[in-house]
file entry_36.pdb (PDB, C-alpha atoms and all ligand atoms)
ATOM      1  CA  MET A 143     -60.393-263.349  -6.863
ATOM      2  CA  VAL A 144     -59.637-259.779  -5.809
ATOM      3  CA  VAL A 145     -61.982-257.087  -7.122
ATOM      4  CA  SER A 146     -61.670-253.328  -7.049
ATOM      5  CA  LYS A 147     -64.662-251.124  -7.772
ATOM      6  CA  ARG A 148     -65.571-247.465  -7.498
ATOM      7  CA  ILE A 149     -68.952-246.799  -5.951
ATOM      8  CA  VAL A 150     -70.965-243.908  -4.540
ATOM      9  CA  LEU A 151     -72.666-244.344  -1.159
ATOM     10  CA  HIS A 152     -75.675-242.214  -0.272
ATOM     11  CA  PHE A 153     -76.305-242.161   3.514
ATOM     12  CA  PRO A 154     -79.744-241.240   4.815
ATOM     13  CA  ARG A 155     -79.776-238.763   7.742
ATOM     14  CA  ARG A 156     -80.290-241.416  10.402
ATOM     15  CA  LEU A 157     -77.007-243.155   9.427
ATOM     16  CA  VAL A 158     -74.541-240.294   9.071
ATOM     17  CA  ASP A 159     -73.102-240.656  12.592
ATOM     18  CA  ARG A 160     -72.713-244.449  12.497
ATOM     19  CA  PRO A 161     -69.349-246.153  11.862
ATOM     20  CA  ILE A 162     -70.609-247.946   8.773
ATOM     21  CA  VAL A 163     -67.556-247.615   6.565
ATOM     22  CA  TYR A 164     -65.255-248.681   9.406
ATOM     23  CA  LYS A 165     -67.109-251.999   9.569
ATOM     24  CA  LEU A 166     -66.240-252.687   5.924
ATOM     25  CA  ILE A 167     -62.591-252.759   6.955
ATOM     26  CA  LYS A 168     -62.962-254.478  10.313
ATOM     27  CA  ASP A 169     -65.598-257.118   9.581
ATOM     28  CA  TYR A 170     -65.041-257.784   5.881
ATOM     29  CA  GLY A 171     -61.326-257.085   5.497
ATOM     30  CA  LEU A 172     -61.900-254.648   2.641
ATOM     31  CA  GLU A 173     -59.456-251.918   1.649
ATOM     32  CA  LEU A 174     -60.959-248.597   0.827
ATOM     33  CA  ASN A 175     -59.816-245.393  -0.677
ATOM     34  CA  ILE A 176     -62.129-242.453  -0.042
ATOM     35  CA  LEU A 177     -62.160-240.264  -3.142
ATOM     36  CA  LYS A 178     -64.709-237.768  -1.863
ATOM     37  CA  ALA A 179     -66.857-237.454   1.252
ATOM     38  CA  SER A 180     -69.530-234.941   2.051
ATOM     39  CA  ILE A 181     -71.144-235.885   5.354
ATOM     40  CA  THR A 182     -72.492-233.426   7.902
ATOM     41  CA  PRO A 183     -74.683-234.094  10.969
ATOM     42  CA  ASP A 184     -78.442-234.124  10.302
ATOM     43  CA  GLU A 185     -78.063-234.098   6.548
ATOM     44  CA  GLU A 186     -77.848-236.748   3.889
ATOM     45  CA  GLY A 187     -74.292-237.866   3.233
ATOM     46  CA  LEU A 188     -72.413-238.830   0.110
ATOM     47  CA  MET A 189     -69.179-240.767  -0.178
ATOM     48  CA  VAL A 190     -67.316-241.765  -3.326
ATOM     49  CA  LEU A 191     -64.920-244.616  -2.689
ATOM     50  CA  GLU A 192     -62.815-247.298  -4.243
ATOM     51  CA  LEU A 193     -63.457-250.641  -2.538
ATOM     52  CA  ARG A 194     -61.027-253.522  -2.894
ATOM     53  CA  GLY A 195     -60.990-257.075  -1.580
ATOM     54  CA  GLU A 196     -61.828-260.719  -2.223
ATOM     55  CA  GLN A 197     -65.011-261.060  -4.280
ATOM     56  CA  ASP A 198     -66.748-262.960  -1.505
ATOM     57  CA  ASN A 199     -65.926-260.295   1.107
ATOM     58  CA  TYR A 200     -66.821-257.542  -1.329
ATOM     59  CA  ASP A 201     -70.257-259.083  -1.909
ATOM     60  CA  LYS A 202     -70.820-259.460   1.845
ATOM     61  CA  GLY A 203     -69.760-255.856   2.441
ATOM     62  CA  ILE A 204     -72.189-254.595  -0.217
ATOM     63  CA  LYS A 205     -74.950-256.705   1.280
ATOM     64  CA  TYR A 206     -74.211-255.231   4.719
ATOM     65  CA  LEU A 207     -74.374-251.674   3.350
ATOM     66  CA  THR A 208     -77.675-252.343   1.611
ATOM     67  CA  LYS A 209     -79.169-253.883   4.747
ATOM     68  CA  THR A 210     -78.248-250.855   6.840
ATOM     69  CA  GLY A 211     -80.083-248.577   4.415
ATOM     70  CA  VAL A 212     -77.178-247.093   2.464
ATOM     71  CA  ARG A 213     -78.018-246.556  -1.201
ATOM     72  CA  ILE A 214     -75.232-247.760  -3.459
ATOM     73  CA  GLN A 215     -74.588-246.425  -6.904
ATOM     74  CA  SER A 216     -72.215-248.177  -9.238
ATOM     75  CA  LEU A 217     -69.933-246.061 -11.365
ATOM     76  CA  SER A 218     -70.567-248.078 -14.492
ATOM     77  CA  GLN A 219     -73.045-245.352 -15.383
ATOM     78  CA  ASN A 220     -72.116-242.493 -17.625
ATOM     79  CA  VAL A 221     -73.111-238.829 -17.549
ATOM     80  CA  THR A 222     -73.040-236.583 -20.592
ATOM     81  CA  ARG A 223     -74.020-232.972 -21.261
ATOM     82  CA  ASN A 224     -76.433-231.834 -23.907
ATOM     83  CA  GLU A 225     -74.393-228.915 -25.246
ATOM     84  CA  GLU A 226     -77.390-227.283 -26.888
ATOM     85  CA  ARG A 227     -79.250-227.093 -23.586
ATOM     86  CA  CYS A 228     -76.390-225.833 -21.400
ATOM     87  CA  THR A 229     -76.756-222.109 -20.636
ATOM     88  CA  HIS A 230     -73.372-221.935 -18.807
ATOM     89  CA  CYS A 231     -75.116-220.712 -15.655
ATOM     90  CA  GLY A 232     -72.520-222.398 -13.417
ATOM     91  CA  ALA A 233     -74.967-224.055 -11.003
ATOM     92  CA  CYS A 234     -73.188-227.389 -11.418
ATOM     93  CA  ILE A 235     -69.707-226.138 -10.508
ATOM     94  CA  THR A 236     -69.911-226.101  -6.722
ATOM     95  CA  ILE A 237     -72.134-229.156  -6.512
ATOM     96  CA  CYS A 238     -69.806-231.524  -8.380
ATOM     97  CA  PRO A 239     -67.683-233.525  -5.896
ATOM     98  CA  THR A 240     -64.887-234.178  -8.373
ATOM     99  CA  GLY A 241     -64.447-230.764  -9.964
ATOM    100  CA  ALA A 242     -65.623-231.928 -13.381
ATOM    101  CA  PHE A 243     -66.818-228.419 -14.313
ATOM    102  CA  GLU A 244     -64.590-225.434 -14.878
ATOM    103  CA  VAL A 245     -65.168-221.882 -16.045
ATOM    104  CA  GLU A 246     -63.117-220.877 -19.046
ATOM    105  CA  PRO A 247     -61.631-217.522 -17.938
ATOM    106  CA  LEU A 248     -61.881-215.676 -21.252
ATOM    107  CA  THR A 249     -65.297-216.778 -22.479
ATOM    108  CA  ARG A 250     -66.896-217.484 -19.021
ATOM    109  CA  ARG A 251     -68.271-220.678 -20.543
ATOM    110  CA  VAL A 252     -68.533-223.766 -18.317
ATOM    111  CA  ILE A 253     -66.421-226.654 -19.575
ATOM    112  CA  PHE A 254     -67.437-230.203 -18.664
ATOM    113  CA  HIS A 255     -64.495-232.615 -18.142
ATOM    114  CA  ASN A 256     -66.213-235.930 -18.700
ATOM    115  CA  GLU A 257     -63.081-237.883 -17.695
ATOM    116  CA  LYS A 258     -63.357-236.514 -14.122
ATOM    117  CA  CYS A 259     -67.003-237.463 -13.765
ATOM    118  CA  LEU A 260     -67.845-240.271 -11.354
ATOM    119  CA  ALA A 261     -71.506-240.387 -12.381
ATOM    120  CA  CYS A 262     -72.776-239.505  -8.897
ATOM    121  CA  GLY A 263     -75.760-237.768 -10.498
ATOM    122  CA  LEU A 264     -75.730-234.665  -8.273
ATOM    123  CA  CYS A 265     -75.509-232.197 -11.157
ATOM    124  CA  ILE A 266     -78.540-233.656 -12.889
ATOM    125  CA  LYS A 267     -81.102-232.227 -10.468
ATOM    126  CA  ALA A 268     -79.055-229.063  -9.965
ATOM    127  CA  CYS A 269     -78.949-228.133 -13.636
ATOM    128  CA  PRO A 270     -81.835-225.696 -14.385
ATOM    129  CA  PRO A 271     -82.287-226.542 -18.091
ATOM    130  CA  ARG A 272     -81.695-230.278 -17.477
ATOM    131  CA  ALA A 273     -78.631-230.379 -19.692
ATOM    132  CA  MET A 274     -76.923-233.199 -17.768
ATOM    133  CA  VAL A 275     -78.053-236.704 -18.689
ATOM    134  CA  LEU A 276     -77.431-240.004 -16.914
ATOM    135  CA  HIS A 277     -77.038-243.091 -19.107
ATOM    136  CA  PHE A 278     -77.299-246.643 -17.773
TER
HETATM  137  S1  LIG B   1     -75.881-226.247 -14.383
HETATM  138 FE1  LIG B   1     -76.452-227.063 -16.409
HETATM  139  S2  LIG B   1     -76.808-225.243 -17.650
HETATM  140 FE2  LIG B   1     -75.684-224.585 -15.849
HETATM  141  S3  LIG B   1     -73.518-224.670 -16.525
HETATM  142 FE3  LIG B   1     -73.984-226.631 -15.523
HETATM  143  S4  LIG B   1     -74.576-227.976 -17.232
HETATM  144 FE4  LIG B   1     -74.695-225.879 -17.998
HETATM  145  S1  LIG B   2     -72.466-236.670 -12.210
HETATM  146 FE1  LIG B   2     -72.234-234.467 -12.285
HETATM  147  S2  LIG B   2     -71.821-233.868 -10.155
HETATM  148 FE2  LIG B   2     -71.449-236.077 -10.287
HETATM  149  S3  LIG B   2     -69.267-236.267 -10.725
HETATM  150 FE3  LIG B   2     -70.316-236.260 -12.701
HETATM  151  S4  LIG B   2     -70.284-234.142 -13.359
HETATM  152 FE4  LIG B   2     -69.833-234.169 -11.154
END
call {"tool": "encode", "arguments": {"input": "entry_36.pdb", "output": "structure tokens"}}
result
Amino acid sequence: MVVSKRIVLHFPRRLVDRPIVYKLIKDYGLELNILKASITPDEEGLMVLELRGEQDNYDKGIKYLTKTGVRIQSLSQNVTRNEERCTHCGACITICPTGAFEVEPLTRRVIFHNEKCLACGLCIKACPPRAMVLHF
């Protein structure tokens, strides 16, 4: 059975220069579509990708990633915003890898487009009044 899933990979510093994702293709025959990548030398890296392949290969690929030390986050999680808490400070705008926040030009209020959110969780720590909430 072929499966296709969207996941977020968090790379610790020591792994950012290793060809980890390449091995998913070469050794496990998986197809991948990189939706967003933010990886720089000597810093933690983040990659949002769509991974597709036979269930068995997919499971092996995930196991390989886990063994190497990559933290995997499934996108079955959901992130919402507590509208009463949001102060529209804008701190989440640049941090969001998918552009899920936008400033409304007239009111300068920050709009949250939930449909663009991949539940990576980055805005949660970045939000000063803790208005963003992750649901499992
Ligand atoms: S960082 Fe938090 S408070 Fe600031 S605009 Fe984003 S959701 Fe609202
Ligand atoms: S969790 Fe926050 S930073 Fe991550 S995609 Fe969703 S809105 Fe953007």
call {"tool": "closest_residue", "arguments": {"input": "entry_36.pdb", "among": "A:Val145, A:Thr229, A:His152, A:Glu244", "to": "A:Asp198", "atoms": "all atoms listed in the file"}}
result
A:Val145
call {"tool": "residues_around", "arguments": {"input": "entry_36.pdb", "residues": "A:Cys231", "least_positions_apart": "6", "cutoff": "12 Å", "atoms": "only C-alpha atoms", "output": "PyMOL selection string"}}
result
chain A and resi 243-245+250-253+268-273
call {"tool": "resolve_selection", "arguments": {"input": "entry_36.pdb", "expression": "the PyMOL selection byres (((chain A and resi 158-167) around 12) and not hetatm)", "output": "number ranges by chain"}}
result
A: 151-157, 168-176, 179-195, 199-212
call {"tool": "axis_aligned_box", "arguments": {"input": "entry_36.pdb", "around": "ligand LIG 2 (chain B)", "padding_each_side": "3 Å", "output": "lines of an AutoDock Vina configuration file"}}
result
center_x = -70.9
center_y = -235.3
center_z = -11.8
size_x = 9.2
size_y = 8.8
size_z = 9.2
call {"tool": "closest_residue", "arguments": {"input": "entry_36.pdb", "among": "A:Met274, A:Leu177, A:Gln197, A:Leu260", "to": "A:Cys228", "atoms": "all atoms listed in the file"}}
result
A:Met274
call {"tool": "closest_residue", "arguments": {"input": "entry_36.pdb", "among": "A:Cys262, A:Cys238, A:Gly232, A:Glu257", "to": "ligand LIG 1 (chain B)", "atoms": "only C-alpha atoms and all ligand atoms"}}
result
A:Gly232
call {"tool": "residues_around", "arguments": {"input": "entry_36.pdb", "residues": "A:Gly263", "least_positions_apart": "2", "cutoff": "8 Å", "atoms": "only C-alpha atoms", "output": "number ranges by chain"}}
result
A: 221, 261, 265-267, 276
call {"tool": "build_atoms", "arguments": {"input": "entry_36.pdb", "residues": "stretch 160-171 of chain A", "atoms": "all heavy atoms", "output": "short mmCIF file (atom, residue, chain, number, x, y, z; two decimals), in the frame of the given file"}}
result
data_model
loop_
_atom_site.label_atom_id
_atom_site.label_comp_id
_atom_site.auth_asym_id
_atom_site.auth_seq_id
_atom_site.Cartn_x
_atom_site.Cartn_y
_atom_site.Cartn_z
N ARG A 160 -73.05 -243.06 12.15
CA ARG A 160 -72.71 -244.45 12.50
C ARG A 160 -71.45 -244.91 11.78
O ARG A 160 -71.17 -244.49 10.65
CB ARG A 160 -73.90 -245.36 12.15
CG ARG A 160 -75.03 -245.09 13.12
CD ARG A 160 -76.16 -246.07 13.12
NE ARG A 160 -75.84 -247.42 12.72
CZ ARG A 160 -76.77 -248.26 12.26
NH1 ARG A 160 -78.01 -247.85 12.12
NH2 ARG A 160 -76.45 -249.49 11.93
N PRO A 161 -70.65 -245.78 12.45
CA PRO A 161 -69.35 -246.15 11.86
C PRO A 161 -69.48 -247.23 10.78
O PRO A 161 -68.85 -248.29 10.86
CB PRO A 161 -68.58 -246.68 13.09
CG PRO A 161 -69.64 -247.23 13.97
CD PRO A 161 -70.88 -246.40 13.76
N ILE A 162 -70.28 -246.94 9.78
CA ILE A 162 -70.61 -247.95 8.77
C ILE A 162 -69.40 -248.33 7.91
O ILE A 162 -69.12 -249.50 7.69
CB ILE A 162 -71.77 -247.42 7.91
CG1 ILE A 162 -73.02 -247.42 8.78
CG2 ILE A 162 -71.97 -248.25 6.65
CD1 ILE A 162 -74.22 -246.82 8.17
N VAL A 163 -68.69 -247.34 7.46
CA VAL A 163 -67.56 -247.62 6.56
C VAL A 163 -66.44 -248.35 7.31
O VAL A 163 -65.78 -249.24 6.77
CB VAL A 163 -67.07 -246.29 5.93
CG1 VAL A 163 -65.76 -246.48 5.21
CG2 VAL A 163 -68.13 -245.78 4.96
N TYR A 164 -66.27 -248.01 8.58
CA TYR A 164 -65.26 -248.68 9.41
C TYR A 164 -65.51 -250.19 9.46
O TYR A 164 -64.59 -251.00 9.43
CB TYR A 164 -65.29 -248.06 10.80
CG TYR A 164 -64.49 -248.82 11.84
CD1 TYR A 164 -63.10 -248.86 11.76
CD2 TYR A 164 -65.13 -249.50 12.88
CE1 TYR A 164 -62.38 -249.56 12.70
CE2 TYR A 164 -64.41 -250.19 13.82
CZ TYR A 164 -63.03 -250.22 13.73
OH TYR A 164 -62.31 -250.92 14.66
N LYS A 165 -66.78 -250.57 9.49
CA LYS A 165 -67.11 -252.00 9.57
C LYS A 165 -66.72 -252.74 8.29
O LYS A 165 -66.46 -253.95 8.31
CB LYS A 165 -68.62 -252.18 9.84
CG LYS A 165 -68.94 -252.11 11.33
CD LYS A 165 -70.42 -252.25 11.57
CE LYS A 165 -70.89 -253.69 11.55
NZ LYS A 165 -70.74 -254.37 12.84
N LEU A 166 -66.67 -252.04 7.17
CA LEU A 166 -66.24 -252.69 5.92
C LEU A 166 -64.80 -253.18 6.04
O LEU A 166 -64.43 -254.22 5.53
CB LEU A 166 -66.34 -251.71 4.75
CG LEU A 166 -67.73 -251.26 4.32
CD1 LEU A 166 -67.63 -250.21 3.23
CD2 LEU A 166 -68.55 -252.44 3.84
N ILE A 167 -64.00 -252.40 6.76
CA ILE A 167 -62.59 -252.76 6.96
C ILE A 167 -62.49 -253.85 8.02
O ILE A 167 -61.87 -254.89 7.81
CB ILE A 167 -61.78 -251.52 7.41
CG1 ILE A 167 -61.95 -250.39 6.41
CG2 ILE A 167 -60.30 -251.87 7.60
CD1 ILE A 167 -61.46 -249.04 6.89
N LYS A 168 -63.12 -253.60 9.15
CA LYS A 168 -62.96 -254.48 10.31
C LYS A 168 -63.63 -255.84 10.11
O LYS A 168 -63.01 -256.88 10.36
CB LYS A 168 -63.57 -253.77 11.54
CG LYS A 168 -63.36 -254.48 12.84
CD LYS A 168 -63.92 -253.64 13.98
CE LYS A 168 -64.27 -254.48 15.19
NZ LYS A 168 -65.47 -255.28 15.04
N ASP A 169 -64.85 -255.86 9.65
CA ASP A 169 -65.60 -257.12 9.58
C ASP A 169 -65.42 -257.86 8.26
O ASP A 169 -65.59 -259.07 8.21
CB ASP A 169 -67.10 -256.86 9.79
CG ASP A 169 -67.40 -256.37 11.20
OD1 ASP A 169 -66.44 -256.28 11.99
OD2 ASP A 169 -68.56 -256.07 11.49
N TYR A 170 -65.11 -257.13 7.19
CA TYR A 170 -65.04 -257.78 5.88
C TYR A 170 -63.65 -257.70 5.25
O TYR A 170 -63.45 -258.17 4.14
CB TYR A 170 -66.10 -257.20 4.94
CG TYR A 170 -67.49 -257.33 5.53
CD1 TYR A 170 -68.13 -256.24 6.11
CD2 TYR A 170 -68.14 -258.56 5.56
CE1 TYR A 170 -69.38 -256.36 6.69
CE2 TYR A 170 -69.40 -258.69 6.14
CZ TYR A 170 -70.01 -257.59 6.70
OH TYR A 170 -71.25 -257.73 7.29
N GLY A 171 -62.71 -257.12 5.96
CA GLY A 171 -61.33 -257.08 5.50
C GLY A 171 -61.14 -256.34 4.19
O GLY A 171 -60.21 -256.63 3.42
#
